[in-house]
Amino acid sequence: MNKQKWVQSLNEKLNPANIKIDEALNLHTVTKMGGKADLFVTPTTQDEAAFVVQYAYEHNIPLLLLGNGSNMVVRDGGVRGIVLRLENLNKIIIDGNRVIAESGADIIDVSKAAAQESLTGLEFACGIPGSIGGAMAMNAGAYGGEIQDVIVQCTVLTPAGEKLVLSKEQLELGYRKSIITKQGYYVLSTEFLLEKGNQEQIDAKIADLTFQRESKQPLEYPSAGSVFKRPPGYFAGKLIQDSGLQGKGFGGAEVSTKHAGFIVNKNNATATDYISTIEMVKETVKENFGVELELEVKIVGENID
């Protein structure tokens with residue numbers, strides 16, 4: 001694994017300042033956990049992003065796309081190969097009722113930008129702590145709204161670096177899933193179609209949803225957000241709460257006492273602590289209720305040898 005050779009090749013198209021060797025990923029995840037990336041690359045244009053994807057594909061280098069690290073747990077051994085972060089691809093363009101946002105833009109910022117133009121439809125996303133790319137891949141949703149309600153099309157890169165424009169139908173959006181995750185695509189940008197609304201009503205809805213989020217979610221601690229998908233016929237948080245697991249965990253990680261659907265990094269938790277707590281929750285809920293909880297967060301990387 002020749003990291004220096006990778007750097008030399010990528011330097012042909014990218015600013016060397018945007019390529020880092022052995023970068024600690026706990027600096028780039030909302031959970032504040034994770035080992036080092038062999039190479040951490042932050043391109044500044046869509047063409048640069050395509051070049052990195054193509055290079056990794058042609059040289060058989062593992063490539064991991066890291067959004068803003070809000071829905072991901074990176075193991076303590078870090079990530080081999082290249083970690084690609086598109087935080088610099090964050091343009092938000094509003095044209096009439098259409099909003100075009102690059103993948104690195106925070107969906108909260110896109111929701112706010114739409115609201116400022118009296119556009120309604122994205123209020124549900126005003127508190128989702130993720131990037132547009134991550135939100136698209138997971139068909140993110142909250143408070144009765146989902147990405148699929150307002151999406152027009154999405155521009156992606158294939159694993160080989162080919163650019164595709166996918167319609168809403170082609171995206172195969174479902175509950176916390178899409179063709180993006182299924183095919184391993186990399187989101188470049190997304191186009192939404194919203195409606196003109198009443199500014200006071202939009203502001204009031206955002207204020208109400210923000211209050212609900214801040215009062216019910218443990219935002220005072222780092223976390224990966226809602227850890228488990230909603231099981232059919234149940235609520236994951238209620239199952240965990242009824243299992244008496246709030247306040248329990250391993251090391252510095254524990255099931256939130258504020259919202260049982262969250263596992264928080266309360267005291268310098270390692271990814272091993274966090275994952276052990278996830279497994280404990282799954283096993284206990286299965287024993288108590290016979291329900292198999294499915295992860296909403298993604299666990300990546302390697303354990304420490």
# chains A, B, ... in the order shown; residues from 1 in each chain; ligands from 1
call {"tool": "closest_atom_pairs", "arguments": {"of": "range 12-129 of chain A", "to": "range 149-165 of chain A", "cutoff": "12 Å", "atoms": "only C-alpha atoms", "output": "tab-separated table"}}
result
residue	atom	partner	partner_atom	distance
A:Gln46	CA	A:Leu157	CA	9.6
A:Asp47	CA	A:Gly161	CA	9.8
A:Glu48	CA	A:Gly161	CA	10.6
A:Ala49	CA	A:Gly161	CA	8.5
A:Ala50	CA	A:Gly161	CA	5.3
A:Phe51	CA	A:Gly161	CA	7.2
A:Val52	CA	A:Gly161	CA	8.1
A:Val53	CA	A:Gly161	CA	5.2
A:Gln54	CA	A:Gly161	CA	4.7
A:Tyr55	CA	A:Gly161	CA	8.4
A:Ala56	CA	A:Ala160	CA	8.4
A:Tyr57	CA	A:Ala160	CA	5.5
A:Glu58	CA	A:Ala160	CA	7.7
A:His59	CA	A:Ala160	CA	10.7
A:Asn60	CA	A:Ala160	CA	10.4
A:Ile61	CA	A:Pro159	CA	11.3
A:Pro62	CA	A:Pro159	CA	10.6
A:Leu63	CA	A:Pro159	CA	9.1
A:Leu64	CA	A:Pro159	CA	10.7
A:Leu65	CA	A:Pro159	CA	11.0
A:Asn97	CA	A:Val150	CA	10.9
A:Arg98	CA	A:Val152	CA	9.0
A:Val99	CA	A:Ile151	CA	9.6
A:Ile100	CA	A:Cys154	CA	9.4
A:Ala101	CA	A:Cys154	CA	9.7
A:Glu102	CA	A:Thr155	CA	9.2
A:Ser103	CA	A:Thr155	CA	9.3
A:Ser111	CA	A:Val150	CA	11.6
A:Leu119	CA	A:Val150	CA	11.4
A:Thr120	CA	A:Val150	CA	9.8
A:Gly121	CA	A:Val150	CA	6.7
A:Leu122	CA	A:Val150	CA	7.5
A:Glu123	CA	A:Val150	CA	11.0
A:Phe124	CA	A:Asp149	CA	10.6
A:Ala125	CA	A:Val150	CA	11.2
call {"tool": "write_last_selection", "arguments": {"atoms": "C-alpha atoms", "output": "compact mmCIF listing (two decimals), in the first residue's frame"}}
result
# COMPACT_ATOMS: atom_id res chain seq x y z
CA GLN A 46 -17.15 17.85 -8.99
CA ASP A 47 -14.49 17.12 -11.61
CA GLU A 48 -11.88 16.64 -8.89
CA ALA A 49 -14.26 14.30 -7.05
CA ALA A 50 -14.74 12.29 -10.26
CA PHE A 51 -10.97 12.09 -10.72
CA VAL A 52 -10.50 10.65 -7.20
CA VAL A 53 -13.25 8.06 -7.73
CA GLN A 54 -11.83 7.06 -11.12
CA TYR A 55 -8.30 6.81 -9.73
CA ALA A 56 -9.39 4.61 -6.83
CA TYR A 57 -11.40 2.38 -9.17
CA GLU A 58 -8.61 1.98 -11.73
CA HIS A 59 -6.01 1.17 -9.06
CA ASN A 60 -8.28 -1.05 -6.96
CA ILE A 61 -7.96 1.21 -3.90
CA PRO A 62 -10.76 0.97 -1.31
CA LEU A 63 -12.79 4.18 -1.27
CA LEU A 64 -15.13 5.36 1.48
CA LEU A 65 -17.36 8.40 1.11
CA ASN A 97 -39.32 26.85 -6.89
CA ARG A 98 -36.29 24.68 -7.57
CA VAL A 99 -33.40 24.18 -5.17
CA ILE A 100 -30.15 22.61 -6.37
CA ALA A 101 -27.74 21.60 -3.63
CA GLU A 102 -24.33 19.97 -3.88
CA SER A 103 -23.70 16.84 -1.85
CA SER A 111 -33.81 23.77 4.52
CA LEU A 119 -40.37 27.89 -0.19
CA THR A 120 -42.18 25.14 1.68
CA GLY A 121 -41.56 21.39 1.65
CA LEU A 122 -38.17 21.03 3.32
CA GLU A 123 -39.13 22.21 6.81
CA PHE A 124 -38.95 18.61 8.08
CA ALA A 125 -35.19 18.65 7.42
call {"tool": "closest_atom_pairs", "arguments": {"of": "range 225-286 of chain A", "to": "range 19-41 of chain A", "cutoff": "8 Å", "atoms": "only C-alpha atoms", "output": "CSV"}}
result
residue,atom,partner,partner_atom,distance
A:Val264,CA,A:Thr31,CA,7.8
A:Asn265,CA,A:Thr31,CA,6.5
A:Ala269,CA,A:Met33,CA,7.2
A:Thr270,CA,A:Met33,CA,6.0
A:Ala271,CA,A:Met33,CA,5.8
call {"tool": "write_last_selection", "arguments": {"atoms": "N, CA, C and O atoms", "output": "compact mmCIF listing (two decimals), in the first residue's frame"}}
result
# COMPACT_ATOMS: atom_id res chain seq x y z
N VAL A 264 -25.16 7.80 23.09
CA VAL A 264 -24.32 9.00 23.12
C VAL A 264 -22.89 8.69 23.55
O VAL A 264 -22.64 7.72 24.27
N ASN A 265 -21.99 9.52 23.07
CA ASN A 265 -20.59 9.48 23.51
C ASN A 265 -20.51 10.42 24.71
O ASN A 265 -20.28 11.61 24.57
N ALA A 269 -15.83 8.12 24.63
CA ALA A 269 -16.07 6.73 24.21
C ALA A 269 -15.22 6.37 23.00
O ALA A 269 -14.95 7.22 22.14
N THR A 270 -14.84 5.12 22.92
CA THR A 270 -14.22 4.60 21.71
C THR A 270 -15.32 4.02 20.83
O THR A 270 -16.45 3.80 21.29
N ALA A 271 -14.98 3.77 19.58
CA ALA A 271 -15.95 3.13 18.69
C ALA A 271 -16.29 1.72 19.21
O ALA A 271 -17.43 1.26 19.07
call {"tool": "residues_around", "arguments": {"residues": "Lys91 in chain A", "least_positions_apart": "4", "cutoff": "12 Å", "atoms": "only C-alpha atoms", "output": "NGL selection string"}}
result
:A and (44-46 or 86-87 or 99-107 or 109-110 or 113 or 131-132 or 188-191)
call {"tool": "write_last_selection", "arguments": {"atoms": "C-alpha atoms", "output": "compact mmCIF listing (two decimals), in the first residue's frame"}}
result
# COMPACT_ATOMS: atom_id res chain seq x y z
CA THR A 44 -13.12 21.32 -4.30
CA THR A 45 -14.98 20.60 -7.56
CA GLN A 46 -17.15 17.85 -8.99
CA LEU A 86 -17.13 16.35 -0.22
CA GLU A 87 -17.53 19.14 2.33
CA VAL A 99 -33.40 24.18 -5.17
CA ILE A 100 -30.15 22.61 -6.37
CA ALA A 101 -27.74 21.60 -3.63
CA GLU A 102 -24.33 19.97 -3.88
CA SER A 103 -23.70 16.84 -1.85
CA GLY A 104 -21.49 18.46 0.78
CA ALA A 105 -24.07 21.06 1.81
CA ASP A 106 -25.73 20.38 5.16
CA ILE A 107 -29.40 19.58 4.66
CA ASP A 109 -28.61 24.78 5.58
CA VAL A 110 -30.60 23.81 2.48
CA ALA A 113 -32.10 28.64 2.49
CA SER A 131 -25.18 16.31 4.35
CA ILE A 132 -27.28 16.28 1.18
CA LEU A 188 -22.67 15.04 -6.46
CA SER A 189 -25.82 17.17 -6.33
CA THR A 190 -29.58 17.00 -5.88
CA GLU A 191 -32.48 19.00 -7.31
call {"tool": "residues_around", "arguments": {"residues": "Asn71 in chain A", "least_positions_apart": "5", "cutoff": "10 Å", "atoms": "only C-alpha atoms", "output": "PyMOL selection string"}}
result
chain A and resi 29-31+66+129-131+134-135+138+223-227+296-299
call {"tool": "write_last_selection", "arguments": {"atoms": "N, CA, C and O atoms", "output": "PDB file, in the first residue's frame"}}
result
ATOM      1  N   THR A  29     -16.029  13.218  12.437  1.00  0.00           N
ATOM      2  CA  THR A  29     -17.293  12.532  12.686  1.00  0.00           C
ATOM      3  C   THR A  29     -18.033  13.221  13.825  1.00  0.00           C
ATOM      4  O   THR A  29     -17.420  13.711  14.771  1.00  0.00           O
ATOM      5  N   VAL A  30     -19.338  13.247  13.733  1.00  0.00           N
ATOM      6  CA  VAL A  30     -20.153  13.881  14.767  1.00  0.00           C
ATOM      7  C   VAL A  30     -20.028  13.134  16.092  1.00  0.00           C
ATOM      8  O   VAL A  30     -20.140  13.722  17.158  1.00  0.00           O
ATOM      9  N   THR A  31     -19.758  11.828  16.028  1.00  0.00           N
ATOM     10  CA  THR A  31     -19.616  11.030  17.248  1.00  0.00           C
ATOM     11  C   THR A  31     -18.306  11.295  17.982  1.00  0.00           C
ATOM     12  O   THR A  31     -18.142  10.893  19.125  1.00  0.00           O
ATOM     13  N   LEU A  66     -17.313   9.800   3.074  1.00  0.00           N
ATOM     14  CA  LEU A  66     -17.736  10.274   4.390  1.00  0.00           C
ATOM     15  C   LEU A  66     -18.496  11.569   4.203  1.00  0.00           C
ATOM     16  O   LEU A  66     -17.953  12.547   3.701  1.00  0.00           O
ATOM     17  N   PRO A 129     -29.143  16.218  11.086  1.00  0.00           N
ATOM     18  CA  PRO A 129     -27.711  16.537  11.098  1.00  0.00           C
ATOM     19  C   PRO A 129     -26.927  15.755  10.059  1.00  0.00           C
ATOM     20  O   PRO A 129     -26.108  14.900  10.389  1.00  0.00           O
ATOM     21  N   GLY A 130     -27.184  16.029   8.797  1.00  0.00           N
ATOM     22  CA  GLY A 130     -26.493  15.286   7.751  1.00  0.00           C
ATOM     23  C   GLY A 130     -26.258  16.136   6.526  1.00  0.00           C
ATOM     24  O   GLY A 130     -26.810  17.232   6.382  1.00  0.00           O
ATOM     25  N   SER A 131     -25.423  15.629   5.627  1.00  0.00           N
ATOM     26  CA  SER A 131     -25.181  16.308   4.355  1.00  0.00           C
ATOM     27  C   SER A 131     -26.250  15.901   3.348  1.00  0.00           C
ATOM     28  O   SER A 131     -26.979  14.918   3.547  1.00  0.00           O
ATOM     29  N   GLY A 134     -25.586  12.284   2.159  1.00  0.00           N
ATOM     30  CA  GLY A 134     -26.052  11.273   3.101  1.00  0.00           C
ATOM     31  C   GLY A 134     -27.562  11.214   3.170  1.00  0.00           C
ATOM     32  O   GLY A 134     -28.160  10.120   3.249  1.00  0.00           O
ATOM     33  N   ALA A 135     -28.201  12.379   3.126  1.00  0.00           N
ATOM     34  CA  ALA A 135     -29.661  12.426   3.180  1.00  0.00           C
ATOM     35  C   ALA A 135     -30.279  11.742   1.965  1.00  0.00           C
ATOM     36  O   ALA A 135     -31.294  11.045   2.069  1.00  0.00           O
ATOM     37  N   MET A 138     -29.863   7.815   2.170  1.00  0.00           N
ATOM     38  CA  MET A 138     -30.724   7.174   3.165  1.00  0.00           C
ATOM     39  C   MET A 138     -32.191   7.579   3.044  1.00  0.00           C
ATOM     40  O   MET A 138     -33.013   7.153   3.847  1.00  0.00           O
ATOM     41  N   SER A 223     -23.282  12.027  19.141  1.00  0.00           N
ATOM     42  CA  SER A 223     -23.943  10.750  18.863  1.00  0.00           C
ATOM     43  C   SER A 223     -24.064  10.573  17.360  1.00  0.00           C
ATOM     44  O   SER A 223     -23.831  11.511  16.594  1.00  0.00           O
ATOM     45  N   ALA A 224     -24.452   9.374  16.957  1.00  0.00           N
ATOM     46  CA  ALA A 224     -24.662   9.098  15.534  1.00  0.00           C
ATOM     47  C   ALA A 224     -26.120   9.289  15.146  1.00  0.00           C
ATOM     48  O   ALA A 224     -26.565   8.820  14.108  1.00  0.00           O
ATOM     49  N   GLY A 225     -26.864   9.989  16.000  1.00  0.00           N
ATOM     50  CA  GLY A 225     -28.279  10.185  15.723  1.00  0.00           C
ATOM     51  C   GLY A 225     -29.083   8.953  16.085  1.00  0.00           C
ATOM     52  O   GLY A 225     -28.681   8.139  16.924  1.00  0.00           O
ATOM     53  N   SER A 226     -30.225   8.806  15.450  1.00  0.00           N
ATOM     54  CA  SER A 226     -31.079   7.644  15.699  1.00  0.00           C
ATOM     55  C   SER A 226     -30.358   6.386  15.216  1.00  0.00           C
ATOM     56  O   SER A 226     -30.043   6.252  14.039  1.00  0.00           O
ATOM     57  N   VAL A 227     -30.095   5.468  16.142  1.00  0.00           N
ATOM     58  CA  VAL A 227     -29.231   4.328  15.827  1.00  0.00           C
ATOM     59  C   VAL A 227     -29.944   3.246  15.011  1.00  0.00           C
ATOM     60  O   VAL A 227     -29.357   2.647  14.116  1.00  0.00           O
ATOM     61  N   GLU A 296     -29.729   1.805  11.582  1.00  0.00           N
ATOM     62  CA  GLU A 296     -29.876   2.922  10.665  1.00  0.00           C
ATOM     63  C   GLU A 296     -28.497   3.548  10.414  1.00  0.00           C
ATOM     64  O   GLU A 296     -28.246   4.068   9.338  1.00  0.00           O
ATOM     65  N   VAL A 297     -27.630   3.477  11.415  1.00  0.00           N
ATOM     66  CA  VAL A 297     -26.266   3.995  11.248  1.00  0.00           C
ATOM     67  C   VAL A 297     -25.421   2.968  10.504  1.00  0.00           C
ATOM     68  O   VAL A 297     -25.721   1.770  10.499  1.00  0.00           O
ATOM     69  N   LYS A 298     -24.371   3.452   9.893  1.00  0.00           N
ATOM     70  CA  LYS A 298     -23.457   2.592   9.153  1.00  0.00           C
ATOM     71  C   LYS A 298     -22.169   2.447   9.946  1.00  0.00           C
ATOM     72  O   LYS A 298     -21.615   3.426  10.440  1.00  0.00           O
ATOM     73  N   ILE A 299     -21.694   1.200  10.126  1.00  0.00           N
ATOM     74  CA  ILE A 299     -20.441   0.949  10.834  1.00  0.00           C
ATOM     75  C   ILE A 299     -19.380   0.573   9.802  1.00  0.00           C
ATOM     76  O   ILE A 299     -19.570  -0.333   9.005  1.00  0.00           O
TER      77      ILE A 299
END
call {"tool": "select_by_dssp", "arguments": {"residues": "range 172-221 of chain A", "states": "helix (DSSP H, G or I)", "output": "count of residues only"}}
result
23
call {"tool": "residues_around", "arguments": {"residues": "Leu173 in chain A", "least_positions_apart": "2", "cutoff": "7 Å", "atoms": "only C-alpha atoms", "output": "PyMOL selection string"}}
result
chain A and resi 139+148+171+177-178
call {"tool": "write_last_selection", "arguments": {"atoms": "N, CA, C and O atoms", "output": "PDB file, in the first residue's frame"}}
result
ATOM      1  N   ASN A 139     -32.526   8.395   2.039  1.00  0.00           N
ATOM      2  CA  ASN A 139     -33.877   8.951   1.951  1.00  0.00           C
ATOM      3  C   ASN A 139     -34.281   9.480   3.327  1.00  0.00           C
ATOM      4  O   ASN A 139     -35.280   9.053   3.923  1.00  0.00           O
ATOM      5  N   GLN A 148     -37.893  11.869  -0.461  1.00  0.00           N
ATOM      6  CA  GLN A 148     -38.612  11.443  -1.659  1.00  0.00           C
ATOM      7  C   GLN A 148     -39.856  12.306  -1.938  1.00  0.00           C
ATOM      8  O   GLN A 148     -40.371  12.305  -3.050  1.00  0.00           O
ATOM      9  N   LEU A 171     -34.203   6.470  -8.614  1.00  0.00           N
ATOM     10  CA  LEU A 171     -33.503   6.461  -7.325  1.00  0.00           C
ATOM     11  C   LEU A 171     -34.009   5.359  -6.394  1.00  0.00           C
ATOM     12  O   LEU A 171     -33.356   5.042  -5.400  1.00  0.00           O
ATOM     13  N   LYS A 177     -33.552   3.906   2.494  1.00  0.00           N
ATOM     14  CA  LYS A 177     -32.787   3.192   1.467  1.00  0.00           C
ATOM     15  C   LYS A 177     -32.975   3.854   0.111  1.00  0.00           C
ATOM     16  O   LYS A 177     -33.905   4.638  -0.108  1.00  0.00           O
ATOM     17  N   SER A 178     -32.062   3.540  -0.811  1.00  0.00           N
ATOM     18  CA  SER A 178     -32.120   4.066  -2.170  1.00  0.00           C
ATOM     19  C   SER A 178     -31.203   3.231  -3.046  1.00  0.00           C
ATOM     20  O   SER A 178     -30.415   2.413  -2.554  1.00  0.00           O
TER      21      SER A 178
END
